[in-house]
Every structure is written in C-alpha cells, then in structure tokens.
file my_file_14.pdb (PDB, C-alpha atoms and all ligand atoms)
ATOM      1  CA  MET L   1       0.000   0.000   0.000
ATOM      2  CA  LYS L   2       1.304   3.411  -0.901
ATOM      3  CA  ILE L   3       0.034   5.792   1.769
ATOM      4  CA  GLY L   4       0.298   9.511   1.142
ATOM      5  CA  VAL L   5       0.985  11.981   3.920
ATOM      6  CA  LEU L   6      -0.160  15.498   3.136
ATOM      7  CA  ALA L   7       3.116  17.396   3.568
ATOM      8  CA  LEU L   8       2.153  21.036   3.096
ATOM      9  CA  GLN L   9       2.757  21.925   6.752
ATOM     10  CA  GLY L  10       2.702  20.360  10.209
ATOM     11  CA  ALA L  11       3.475  16.974  11.712
ATOM     12  CA  PHE L  12       3.856  14.917   8.549
ATOM     13  CA  ALA L  13       7.318  13.445   9.169
ATOM     14  CA  ARG L  14       6.301  11.447  12.254
ATOM     15  CA  HIS L  15       3.309  10.000  10.429
ATOM     16  CA  ALA L  16       5.555   8.858   7.590
ATOM     17  CA  ALA L  17       7.889   7.173  10.103
ATOM     18  CA  VAL L  18       5.032   5.282  11.788
ATOM     19  CA  LEU L  19       3.621   4.242   8.406
ATOM     20  CA  SER L  20       7.009   2.781   7.447
ATOM     21  CA  ALA L  21       7.123   0.969  10.780
ATOM     22  CA  VAL L  22       3.825  -0.780  10.027
ATOM     23  CA  GLY L  23       5.055  -1.863   6.597
ATOM     24  CA  ALA L  24       3.332   0.716   4.399
ATOM     25  CA  ALA L  25       5.156   2.821   1.831
ATOM     26  CA  PRO L  26       4.685   6.481   2.771
ATOM     27  CA  LEU L  27       4.787   9.199   0.133
ATOM     28  CA  GLU L  28       4.868  12.904   0.964
ATOM     29  CA  VAL L  29       2.056  14.599  -0.959
ATOM     30  CA  ARG L  30       2.644  18.183  -2.083
ATOM     31  CA  HIS L  31       1.215  18.215  -5.599
ATOM     32  CA  ALA L  32      -1.640  16.655  -7.517
ATOM     33  CA  GLY L  33       0.807  14.254  -9.181
ATOM     34  CA  ASP L  34       1.767  12.834  -5.757
ATOM     35  CA  LEU L  35      -1.861  12.430  -4.740
ATOM     36  CA  ALA L  36      -2.621  10.499  -7.910
ATOM     37  CA  GLN L  37      -0.125   7.782  -6.862
ATOM     38  CA  VAL L  38      -1.450   6.972  -3.394
ATOM     39  CA  ASP L  39      -3.927   4.346  -2.208
ATOM     40  CA  ALA L  40      -4.806   6.201   1.002
ATOM     41  CA  LEU L  41      -3.895   9.477   2.691
ATOM     42  CA  VAL L  42      -2.991  10.844   6.126
ATOM     43  CA  VAL L  43      -3.860  14.485   6.821
ATOM     44  CA  PRO L  44      -1.610  15.423   9.753
ATOM     45  CA  GLY L  45      -1.839  17.844  12.642
ATOM     46  CA  GLY L  46      -0.395  21.312  12.369
ATOM     47  CA  GLU L  47      -2.242  24.527  11.709
ATOM     48  CA  SER L  48      -5.501  24.001   9.858
ATOM     49  CA  THR L  49      -5.803  27.618   8.703
ATOM     50  CA  THR L  50      -2.375  27.482   7.045
ATOM     51  CA  MET L  51      -3.012  24.042   5.589
ATOM     52  CA  SER L  52      -6.333  25.220   4.185
ATOM     53  CA  MET L  53      -4.569  28.112   2.417
ATOM     54  CA  LEU L  54      -1.787  25.854   1.153
ATOM     55  CA  LEU L  55      -4.335  23.406  -0.230
ATOM     56  CA  GLU L  56      -5.552  26.173  -2.519
ATOM     57  CA  ALA L  57      -2.074  27.480  -3.366
ATOM     58  CA  SER L  58      -0.722  24.024  -4.247
ATOM     59  CA  GLY L  59      -3.680  23.220  -6.473
ATOM     60  CA  LEU L  60      -4.371  20.167  -4.327
ATOM     61  CA  ARG L  61      -7.820  21.094  -3.084
ATOM     62  CA  GLU L  62      -9.763  20.100  -6.173
ATOM     63  CA  PRO L  63      -8.008  16.774  -6.843
ATOM     64  CA  LEU L  64      -8.272  15.962  -3.137
ATOM     65  CA  GLU L  65     -12.007  16.699  -3.154
ATOM     66  CA  GLU L  66     -12.348  14.379  -6.133
ATOM     67  CA  ARG L  67     -10.403  11.550  -4.486
ATOM     68  CA  LEU L  68     -12.460  11.965  -1.285
ATOM     69  CA  ALA L  69     -15.686  11.825  -3.276
ATOM     70  CA  GLY L  70     -14.357   8.646  -4.884
ATOM     71  CA  GLY L  71     -13.951   6.992  -1.479
ATOM     72  CA  LEU L  72     -10.241   7.547  -0.760
ATOM     73  CA  ALA L  73      -9.361   6.118   2.663
ATOM     74  CA  VAL L  74      -8.095   8.955   4.828
ATOM     75  CA  LEU L  75      -6.846   9.399   8.387
ATOM     76  CA  GLY L  76      -7.046  12.965   9.694
ATOM     77  CA  THR L  77      -5.414  13.873  13.003
ATOM     78  CA  CYS L  78      -6.004  17.081  14.949
ATOM     79  CA  ALA L  79      -5.717  19.853  12.326
ATOM     80  CA  GLY L  80      -6.426  17.047   9.823
ATOM     81  CA  MET L  81      -9.732  16.401  11.590
ATOM     82  CA  ILE L  82     -10.550  20.114  11.245
ATOM     83  CA  LEU L  83      -9.734  20.108   7.530
ATOM     84  CA  LEU L  84     -11.874  17.042   6.860
ATOM     85  CA  ALA L  85     -14.883  18.130   8.945
ATOM     86  CA  ALA L  86     -18.106  19.530   7.552
ATOM     87  CA  GLU L  87     -18.203  22.539   9.856
ATOM     88  CA  VAL L  88     -15.510  24.542  11.696
ATOM     89  CA  LEU L  89     -16.280  26.819  14.621
ATOM     90  CA  ASP L  90     -13.716  29.472  15.592
ATOM     91  CA  GLY L  91     -11.980  28.996  12.266
ATOM     92  CA  ARG L  92     -10.737  31.790  10.072
ATOM     93  CA  LEU L  93     -13.317  33.260   7.735
ATOM     94  CA  ASP L  94     -11.410  32.082   4.680
ATOM     95  CA  GLN L  95     -10.883  28.579   6.088
ATOM     96  CA  ARG L  96     -12.764  26.076   3.923
ATOM     97  CA  PRO L  97     -13.170  22.599   5.369
ATOM     98  CA  LEU L  98     -13.374  19.643   2.975
ATOM     99  CA  GLY L  99     -16.645  18.277   4.367
ATOM    100  CA  ALA L 100     -15.543  14.638   4.149
ATOM    101  CA  ILE L 101     -16.979  13.711   7.559
ATOM    102  CA  ASP L 102     -20.175  15.113   9.036
ATOM    103  CA  LEU L 103     -18.730  16.670  12.187
ATOM    104  CA  GLY L 104     -18.896  20.152  13.644
ATOM    105  CA  VAL L 105     -15.581  20.899  15.373
ATOM    106  CA  ARG L 106     -14.360  23.868  17.362
ATOM    107  CA  ARG L 107     -10.722  24.839  16.803
ATOM    108  CA  ASN L 108      -8.731  24.901  20.054
ATOM    109  CA  GLY L 109     -12.023  23.986  21.722
ATOM    110  CA  TYR L 110     -10.549  22.499  24.880
ATOM    111  CA  GLY L 111      -9.770  26.040  26.021
ATOM    112  CA  ARG L 112      -6.743  27.645  27.585
ATOM    113  CA  GLN L 113      -6.763  25.839  30.909
ATOM    114  CA  VAL L 114      -6.323  22.465  29.254
ATOM    115  CA  ASP L 115      -4.688  23.677  26.074
ATOM    116  CA  SER L 116      -2.702  20.472  25.752
ATOM    117  CA  PHE L 117      -3.043  17.259  27.748
ATOM    118  CA  GLU L 118      -2.507  13.536  27.608
ATOM    119  CA  THR L 119      -4.948  10.845  28.617
ATOM    120  CA  GLU L 120      -5.709   7.196  27.985
ATOM    121  CA  VAL L 121      -8.350   6.707  25.307
ATOM    122  CA  ALA L 122     -10.392   3.494  25.218
ATOM    123  CA  VAL L 123     -10.626   2.317  21.611
ATOM    124  CA  GLU L 124     -12.547  -0.925  21.267
ATOM    125  CA  GLU L 125     -11.331  -1.600  17.695
ATOM    126  CA  ILE L 126      -7.699  -1.886  18.761
ATOM    127  CA  GLY L 127      -8.043  -3.510  22.180
ATOM    128  CA  ALA L 128      -6.146  -1.944  25.088
ATOM    129  CA  PRO L 129      -6.355   1.830  25.710
ATOM    130  CA  PHE L 130      -4.375   4.160  23.472
ATOM    131  CA  HIS L 131      -2.284   7.024  24.860
ATOM    132  CA  GLY L 132      -3.931  10.186  23.522
ATOM    133  CA  VAL L 133      -1.741  13.256  23.066
ATOM    134  CA  PHE L 134      -3.972  16.321  22.632
ATOM    135  CA  ILE L 135      -2.278  19.534  21.467
ATOM    136  CA  ARG L 136      -4.556  22.547  21.026
ATOM    137  CA  ALA L 137      -7.005  19.949  19.871
ATOM    138  CA  PRO L 138     -10.341  20.479  18.152
ATOM    139  CA  LEU L 139     -13.427  19.792  20.255
ATOM    140  CA  VAL L 140     -16.129  17.801  18.486
ATOM    141  CA  GLU L 141     -19.394  19.645  19.132
ATOM    142  CA  ARG L 142     -21.688  18.012  16.589
ATOM    143  CA  VAL L 143     -21.728  14.447  15.296
ATOM    144  CA  GLY L 144     -23.775  13.763  12.166
ATOM    145  CA  PRO L 145     -26.123  10.771  12.056
ATOM    146  CA  GLY L 146     -23.867   8.775   9.710
ATOM    147  CA  VAL L 147     -20.784   9.122  11.897
ATOM    148  CA  GLU L 148     -19.599   6.361  14.249
ATOM    149  CA  VAL L 149     -17.989   7.556  17.465
ATOM    150  CA  LEU L 150     -15.171   5.089  18.194
ATOM    151  CA  ALA L 151     -13.815   6.768  21.334
ATOM    152  CA  GLU L 152     -14.781   9.539  23.714
ATOM    153  CA  VAL L 153     -13.033  11.548  26.405
ATOM    154  CA  ASP L 154     -15.239  13.246  29.001
ATOM    155  CA  GLY L 155     -18.303  12.801  26.836
ATOM    156  CA  HIS L 156     -16.701  14.287  23.705
ATOM    157  CA  ALA L 157     -15.957  12.235  20.610
ATOM    158  CA  VAL L 158     -12.202  12.028  19.947
ATOM    159  CA  LEU L 159     -12.070   9.270  17.316
ATOM    160  CA  CYS L 160     -14.741   9.081  14.621
ATOM    161  CA  ARG L 161     -15.357   7.310  11.360
ATOM    162  CA  GLU L 162     -17.702   7.853   8.457
ATOM    163  CA  GLY L 163     -17.197   5.512   5.509
ATOM    164  CA  ASN L 164     -13.495   5.591   4.648
ATOM    165  CA  VAL L 165     -12.784   8.722   6.670
ATOM    166  CA  LEU L 166     -11.209   8.208  10.107
ATOM    167  CA  VAL L 167     -10.368  11.221  12.265
ATOM    168  CA  SER L 168      -8.872  11.765  15.708
ATOM    169  CA  SER L 169      -8.616  14.936  17.740
ATOM    170  CA  PHE L 170      -5.398  13.567  19.278
ATOM    171  CA  HIS L 171      -2.000  12.766  17.714
ATOM    172  CA  PRO L 172      -1.590   8.997  17.274
ATOM    173  CA  GLU L 173       1.814   9.507  15.634
ATOM    174  CA  LEU L 174       3.198  10.837  18.952
ATOM    175  CA  ALA L 175       2.054   7.970  21.165
ATOM    176  CA  GLY L 176       4.948   5.587  20.515
ATOM    177  CA  ASP L 177       2.251   3.062  19.595
ATOM    178  CA  ASP L 178       1.519   2.137  15.988
ATOM    179  CA  ARG L 179      -1.864   0.422  16.458
ATOM    180  CA  ILE L 180      -4.037   3.185  14.999
ATOM    181  CA  HIS L 181      -1.818   3.501  11.912
ATOM    182  CA  ARG L 182      -1.704  -0.286  11.528
ATOM    183  CA  TRP L 183      -5.482  -0.479  11.798
ATOM    184  CA  PHE L 184      -5.909   2.367   9.288
ATOM    185  CA  VAL L 185      -3.556   0.730   6.766
ATOM    186  CA  GLU L 186      -5.238  -2.676   7.188
ATOM    187  CA  SER L 187      -8.727  -1.177   6.772
ATOM    188  CA  ALA L 188      -7.609   0.801   3.718
ATOM    189  CA  ALA L 189      -6.126  -2.359   2.182
ATOM    190  CA  ALA L 190      -9.344  -4.271   2.858
ATOM    191  CA  GLY L 191     -11.393  -1.605   1.079
ATOM    192  CA  PRO L 192     -14.743  -0.164   2.086
ATOM    193  CA  ASP L 193     -17.271  -2.273   3.986
ATOM    194  CA  PRO L 194     -19.590  -3.961   1.506
ATOM    195  CA  VAL L 195     -22.915  -2.206   1.112
ATOM    196  CA  PRO L 196     -25.543  -4.515   2.649
ATOM    197  CA  GLU L 197     -27.787  -6.085   0.037
ATOM    198  CA  GLY L 198     -31.480  -5.723   0.308
TER     199      GLY L 198
HETATM  200  N1  LIG B   1      -5.137  24.206  16.786
HETATM  201  C1  LIG B   1      -4.679  23.715  15.518
HETATM  202  C2  LIG B   1      -5.555  24.203  14.367
HETATM  203  O1  LIG B   1      -6.449  24.903  14.557
HETATM  204  C3  LIG B   1      -4.589  22.208  15.521
HETATM  205  C4  LIG B   1      -3.511  21.750  16.461
HETATM  206  C5  LIG B   1      -2.843  20.481  16.072
HETATM  207  O2  LIG B   1      -2.985  19.989  14.953
HETATM  208  N2  LIG B   1      -2.069  19.980  16.980
HETATM  209  O3  LIG B   1      -5.354  23.843  13.256
END

call {"tool": "encode", "arguments": {"input": "my_file_14.pdb", "output": "structure tokens"}}
result
Amino acid sequence: MKIGVLALQGAFARHAAVLSAVGAAPLEVRHAGDLAQVDALVVPGGESTTMSMLLEASGLREPLEERLAGGLAVLGTCAGMILLAAEVLDGRLDQRPLGAIDLGVRRNGYGRQVDSFETEVAVEEIGAPFHGVFIRAPLVERVGPGVEVLAEVDGHAVLCREGNVLVSSFHPELAGDDRIHRWFVESAAAGPDPVPEG
C-alpha cells in the first residue's frame, strides 16, 4: 500500500515514520501528481488555517475533493480532523473545510486551561487503551447521524469514522504506539465495507 501523507505543513514526518514501521510505503504529498499515486492518505496535525490556504495554493484542493468523493481512505489527526470536517467553529473566515466527515468541530475547543493534555483513550477496535496526546485539539461539538464515534473523552468524541474517513482529535503519531496507523492501513487495504444487500 502506498500511503500519502499530506506534507504542506505540520506533523507529517512522524506520520511517515510510523507508516514505514507498520510496513506501508509512505509518500509525501505536495502536488496533484503525488496524490494520484497513493492508495490512502494521512492528513496530519499542524495549523488548519495554514493548511487550508496551502491546499488552494498548491492546487491540491480540487483533486483531493475528487479523491475523497471517490472513497479515498483517509486518516485525519487534529488539524487534519478540522480540515476534513463539515463545519468549523472558531476557524478563520477564509478557512474552507473539505466536508468529508459530518462533524462540527471547534478549533482549540478544549480552552486555555487544558490547552494540551494527555490521557488514555479506550478504543474498542484496537483492544487496550491508546495514549492520547492532545495539542490545542479540536473539540467535536456536533456528530452527524452517519458518523460512528469510536472513542470519547469526558463525553466528547475524539475518534470518529464515516465511511473511509477516520479522524482523531489527538496525535496517534506521537504515542509511541503504531496500532491506529496499523489499523488504518489494514482497513484501507481491505477496502470499504460492503454495502448490505437488500
Ligand atoms: N489548533 C490547531 C488548528 O487549529 C490544531 C492543532 C494540532 O494539529 N495539533 O489547526
């Protein structure tokens, strides 16, 4: 599996390292030609306002929207969750989310007191709890009806999936634990769940 890591800005290098560790071939994606080569994509943490601008400037927004509409498997972490969401609160006015997962998220929504924190996150899909590193994380305030909440912290969704789109408000690439990346790569390789007949 060739897994792209959007490399316009932010925490892409650590994602690429974890992807290599789980046996995938990471490719840094900066241009449409890179995107065309990948089987799945990671949208990393960083600064979602900057990444949103760079998506336009690099000409990647439109091809990325097309790949997402075509069912591209994608993992978005932190700022990546913000970029992939349907709705962004406290974003910049010119920030345009991709609308790939029906979530309403508030940028830096955990507030100043708990700006950044770490906590164990129970994720049924991968067994034992996962160490969640939250850095100026988005707070999920609205979950659309088609979205599965896979983990919560204090009553707020922190790991969600809709179709082939998986997003976390924490940074799995910083946990020293490759289970979420491994699971993402395995699910992407398996393809989308079959549509039930009937
Ligand atoms: N607060 C950042 C933003 O709004 C996200 C932080 C992160 O990705 N660690 O994009």

call {"tool": "closest_residue", "arguments": {"input": "my_file_14.pdb", "among": "L:Ala188, L:Ile82, L:Ala21, L:Ile126", "to": "ligand LIG 1 (chain B)", "atoms": "all atoms listed in the file"}}
result
L:Ile82

call {"tool": "closest_residue", "arguments": {"input": "my_file_14.pdb", "among": "L:Pro63, L:Pro26, L:Gly76, L:Pro138", "to": "ligand LIG 1 (chain B)", "atoms": "all atoms listed in the file"}}
result
L:Pro138

call {"tool": "residues_near_ligand", "arguments": {"input": "my_file_14.pdb", "ligand": "ligand LIG 1 (chain B)", "cutoff": "6 Å", "atoms": "all atoms listed in the file", "output": "ChimeraX atom specification"}}
result
/L:45-49,78-79,107-108,135-137

call {"tool": "atom_distance", "arguments": {"input": "my_file_14.pdb", "atom1": "CA of Val165 in chain L", "atom2": "CA of Asp94 in chain L"}}
result
23.5 Å

call {"tool": "resolve_selection", "arguments": {"input": "my_file_14.pdb", "expression": "the PyMOL selection byres (((chain L and resi 160) around 6) and not hetatm)", "output": "PDB file with C-alpha atoms, in the coordinates of the input"}}
result
ATOM      1  CA  GLU L 148     -19.599   6.361  14.249  1.00  0.00           C
ATOM      2  CA  VAL L 149     -17.989   7.556  17.465  1.00  0.00           C
ATOM      3  CA  LEU L 150     -15.171   5.089  18.194  1.00  0.00           C
ATOM      4  CA  LEU L 159     -12.070   9.270  17.316  1.00  0.00           C
ATOM      5  CA  ARG L 161     -15.357   7.310  11.360  1.00  0.00           C
ATOM      6  CA  LEU L 166     -11.209   8.208  10.107  1.00  0.00           C
ATOM      7  CA  VAL L 167     -10.368  11.221  12.265  1.00  0.00           C
TER       8      VAL L 167
END

call {"tool": "decode", "arguments": {"input": "my_file_14.pdb", "residues": "range 146-182 of chain L", "atoms": "N, CA and C atoms", "output": "PDB file, in the first residue's frame"}}
result
ATOM      1  N   GLY L 146     -24.582   9.873  10.366  1.00  0.00           N
ATOM      2  CA  GLY L 146     -23.867   8.775   9.710  1.00  0.00           C
ATOM      3  C   GLY L 146     -22.489   8.500  10.290  1.00  0.00           C
ATOM      4  N   VAL L 147     -22.141   9.219  11.360  1.00  0.00           N
ATOM      5  CA  VAL L 147     -20.784   9.122  11.897  1.00  0.00           C
ATOM      6  C   VAL L 147     -20.758   8.168  13.092  1.00  0.00           C
ATOM      7  N   GLU L 148     -19.787   7.253  13.092  1.00  0.00           N
ATOM      8  CA  GLU L 148     -19.599   6.361  14.249  1.00  0.00           C
ATOM      9  C   GLU L 148     -18.584   7.012  15.198  1.00  0.00           C
ATOM     10  N   VAL L 149     -18.936   7.076  16.464  1.00  0.00           N
ATOM     11  CA  VAL L 149     -17.989   7.556  17.465  1.00  0.00           C
ATOM     12  C   VAL L 149     -17.262   6.336  18.022  1.00  0.00           C
ATOM     13  N   LEU L 150     -15.955   6.269  17.802  1.00  0.00           N
ATOM     14  CA  LEU L 150     -15.171   5.089  18.194  1.00  0.00           C
ATOM     15  C   LEU L 150     -14.500   5.275  19.543  1.00  0.00           C
ATOM     16  N   ALA L 151     -14.367   6.518  19.999  1.00  0.00           N
ATOM     17  CA  ALA L 151     -13.815   6.768  21.334  1.00  0.00           C
ATOM     18  C   ALA L 151     -14.245   8.153  21.792  1.00  0.00           C
ATOM     19  N   GLU L 152     -14.399   8.262  23.108  1.00  0.00           N
ATOM     20  CA  GLU L 152     -14.781   9.539  23.714  1.00  0.00           C
ATOM     21  C   GLU L 152     -13.871   9.830  24.894  1.00  0.00           C
ATOM     22  N   VAL L 153     -13.696  11.117  25.175  1.00  0.00           N
ATOM     23  CA  VAL L 153     -13.033  11.548  26.405  1.00  0.00           C
ATOM     24  C   VAL L 153     -13.955  12.575  27.046  1.00  0.00           C
ATOM     25  N   ASP L 154     -14.334  12.337  28.277  1.00  0.00           N
ATOM     26  CA  ASP L 154     -15.239  13.246  29.001  1.00  0.00           C
ATOM     27  C   ASP L 154     -16.490  13.588  28.199  1.00  0.00           C
ATOM     28  N   GLY L 155     -17.053  12.586  27.554  1.00  0.00           N
ATOM     29  CA  GLY L 155     -18.303  12.801  26.836  1.00  0.00           C
ATOM     30  C   GLY L 155     -18.156  13.459  25.477  1.00  0.00           C
ATOM     31  N   HIS L 156     -16.906  13.706  25.041  1.00  0.00           N
ATOM     32  CA  HIS L 156     -16.701  14.287  23.705  1.00  0.00           C
ATOM     33  C   HIS L 156     -16.016  13.272  22.803  1.00  0.00           C
ATOM     34  N   ALA L 157     -16.554  13.152  21.587  1.00  0.00           N
ATOM     35  CA  ALA L 157     -15.957  12.235  20.610  1.00  0.00           C
ATOM     36  C   ALA L 157     -14.524  12.684  20.312  1.00  0.00           C
ATOM     37  N   VAL L 158     -13.603  11.713  20.285  1.00  0.00           N
ATOM     38  CA  VAL L 158     -12.202  12.028  19.947  1.00  0.00           C
ATOM     39  C   VAL L 158     -11.672  11.169  18.799  1.00  0.00           C
ATOM     40  N   LEU L 159     -12.439  10.121  18.455  1.00  0.00           N
ATOM     41  CA  LEU L 159     -12.070   9.270  17.316  1.00  0.00           C
ATOM     42  C   LEU L 159     -13.368   8.902  16.617  1.00  0.00           C
ATOM     43  N   CYS L 160     -13.472   9.253  15.338  1.00  0.00           N
ATOM     44  CA  CYS L 160     -14.741   9.081  14.621  1.00  0.00           C
ATOM     45  C   CYS L 160     -14.474   8.537  13.226  1.00  0.00           C
ATOM     46  N   ARG L 161     -15.490   7.854  12.706  1.00  0.00           N
ATOM     47  CA  ARG L 161     -15.357   7.310  11.360  1.00  0.00           C
ATOM     48  C   ARG L 161     -16.671   7.496  10.605  1.00  0.00           C
ATOM     49  N   GLU L 162     -16.535   7.866   9.353  1.00  0.00           N
ATOM     50  CA  GLU L 162     -17.702   7.853   8.457  1.00  0.00           C
ATOM     51  C   GLU L 162     -17.196   7.306   7.128  1.00  0.00           C
ATOM     52  N   GLY L 163     -17.697   6.145   6.727  1.00  0.00           N
ATOM     53  CA  GLY L 163     -17.197   5.512   5.509  1.00  0.00           C
ATOM     54  C   GLY L 163     -15.700   5.291   5.625  1.00  0.00           C
ATOM     55  N   ASN L 164     -14.946   5.795   4.673  1.00  0.00           N
ATOM     56  CA  ASN L 164     -13.495   5.591   4.648  1.00  0.00           C
ATOM     57  C   ASN L 164     -12.727   6.685   5.354  1.00  0.00           C
ATOM     58  N   VAL L 165     -13.443   7.582   6.038  1.00  0.00           N
ATOM     59  CA  VAL L 165     -12.784   8.722   6.670  1.00  0.00           C
ATOM     60  C   VAL L 165     -12.700   8.490   8.179  1.00  0.00           C
ATOM     61  N   LEU L 166     -11.465   8.436   8.683  1.00  0.00           N
ATOM     62  CA  LEU L 166     -11.209   8.208  10.107  1.00  0.00           C
ATOM     63  C   LEU L 166     -10.506   9.449  10.644  1.00  0.00           C
ATOM     64  N   VAL L 167     -11.006  10.011  11.732  1.00  0.00           N
ATOM     65  CA  VAL L 167     -10.368  11.221  12.265  1.00  0.00           C
ATOM     66  C   VAL L 167     -10.202  11.123  13.777  1.00  0.00           C
ATOM     67  N   SER L 168      -9.091  11.701  14.267  1.00  0.00           N
ATOM     68  CA  SER L 168      -8.872  11.765  15.708  1.00  0.00           C
ATOM     69  C   SER L 168      -8.537  13.192  16.089  1.00  0.00           C
ATOM     70  N   SER L 169      -8.995  13.600  17.288  1.00  0.00           N
ATOM     71  CA  SER L 169      -8.616  14.936  17.740  1.00  0.00           C
ATOM     72  C   SER L 169      -7.251  14.907  18.412  1.00  0.00           C
ATOM     73  N   PHE L 170      -6.735  13.693  18.680  1.00  0.00           N
ATOM     74  CA  PHE L 170      -5.398  13.567  19.278  1.00  0.00           C
ATOM     75  C   PHE L 170      -4.379  13.186  18.201  1.00  0.00           C
ATOM     76  N   HIS L 171      -3.118  13.024  18.635  1.00  0.00           N
ATOM     77  CA  HIS L 171      -2.000  12.766  17.714  1.00  0.00           C
ATOM     78  C   HIS L 171      -1.509  11.337  17.861  1.00  0.00           C
ATOM     79  N   PRO L 172      -2.035  10.385  17.116  1.00  0.00           N
ATOM     80  CA  PRO L 172      -1.590   8.997  17.274  1.00  0.00           C
ATOM     81  C   PRO L 172      -0.125   8.788  16.897  1.00  0.00           C
ATOM     82  N   GLU L 173       0.418   9.685  16.077  1.00  0.00           N
ATOM     83  CA  GLU L 173       1.814   9.507  15.634  1.00  0.00           C
ATOM     84  C   GLU L 173       2.804   9.851  16.747  1.00  0.00           C
ATOM     85  N   LEU L 174       2.304  10.450  17.855  1.00  0.00           N
ATOM     86  CA  LEU L 174       3.198  10.837  18.952  1.00  0.00           C
ATOM     87  C   LEU L 174       3.105   9.898  20.145  1.00  0.00           C
ATOM     88  N   ALA L 175       2.327   8.822  20.004  1.00  0.00           N
ATOM     89  CA  ALA L 175       2.054   7.970  21.165  1.00  0.00           C
ATOM     90  C   ALA L 175       3.107   6.883  21.367  1.00  0.00           C
ATOM     91  N   GLY L 176       4.006   6.701  20.416  1.00  0.00           N
ATOM     92  CA  GLY L 176       4.948   5.587  20.515  1.00  0.00           C
ATOM     93  C   GLY L 176       4.214   4.253  20.421  1.00  0.00           C
ATOM     94  N   ASP L 177       3.147   4.218  19.667  1.00  0.00           N
ATOM     95  CA  ASP L 177       2.251   3.062  19.595  1.00  0.00           C
ATOM     96  C   ASP L 177       1.655   3.108  18.181  1.00  0.00           C
ATOM     97  N   ASP L 178       1.913   2.048  17.405  1.00  0.00           N
ATOM     98  CA  ASP L 178       1.519   2.137  15.988  1.00  0.00           C
ATOM     99  C   ASP L 178       0.157   1.521  15.691  1.00  0.00           C
ATOM    100  N   ARG L 179      -0.637   1.200  16.720  1.00  0.00           N
ATOM    101  CA  ARG L 179      -1.864   0.422  16.458  1.00  0.00           C
ATOM    102  C   ARG L 179      -2.890   1.163  15.609  1.00  0.00           C
ATOM    103  N   ILE L 180      -3.028   2.471  15.799  1.00  0.00           N
ATOM    104  CA  ILE L 180      -4.037   3.185  14.999  1.00  0.00           C
ATOM    105  C   ILE L 180      -3.594   3.251  13.535  1.00  0.00           C
ATOM    106  N   HIS L 181      -2.308   3.495  13.296  1.00  0.00           N
ATOM    107  CA  HIS L 181      -1.818   3.501  11.912  1.00  0.00           C
ATOM    108  C   HIS L 181      -1.956   2.116  11.273  1.00  0.00           C
ATOM    109  N   ARG L 182      -1.608   1.082  12.044  1.00  0.00           N
ATOM    110  CA  ARG L 182      -1.704  -0.286  11.528  1.00  0.00           C
ATOM    111  C   ARG L 182      -3.153  -0.607  11.139  1.00  0.00           C
TER     112      ARG L 182
END
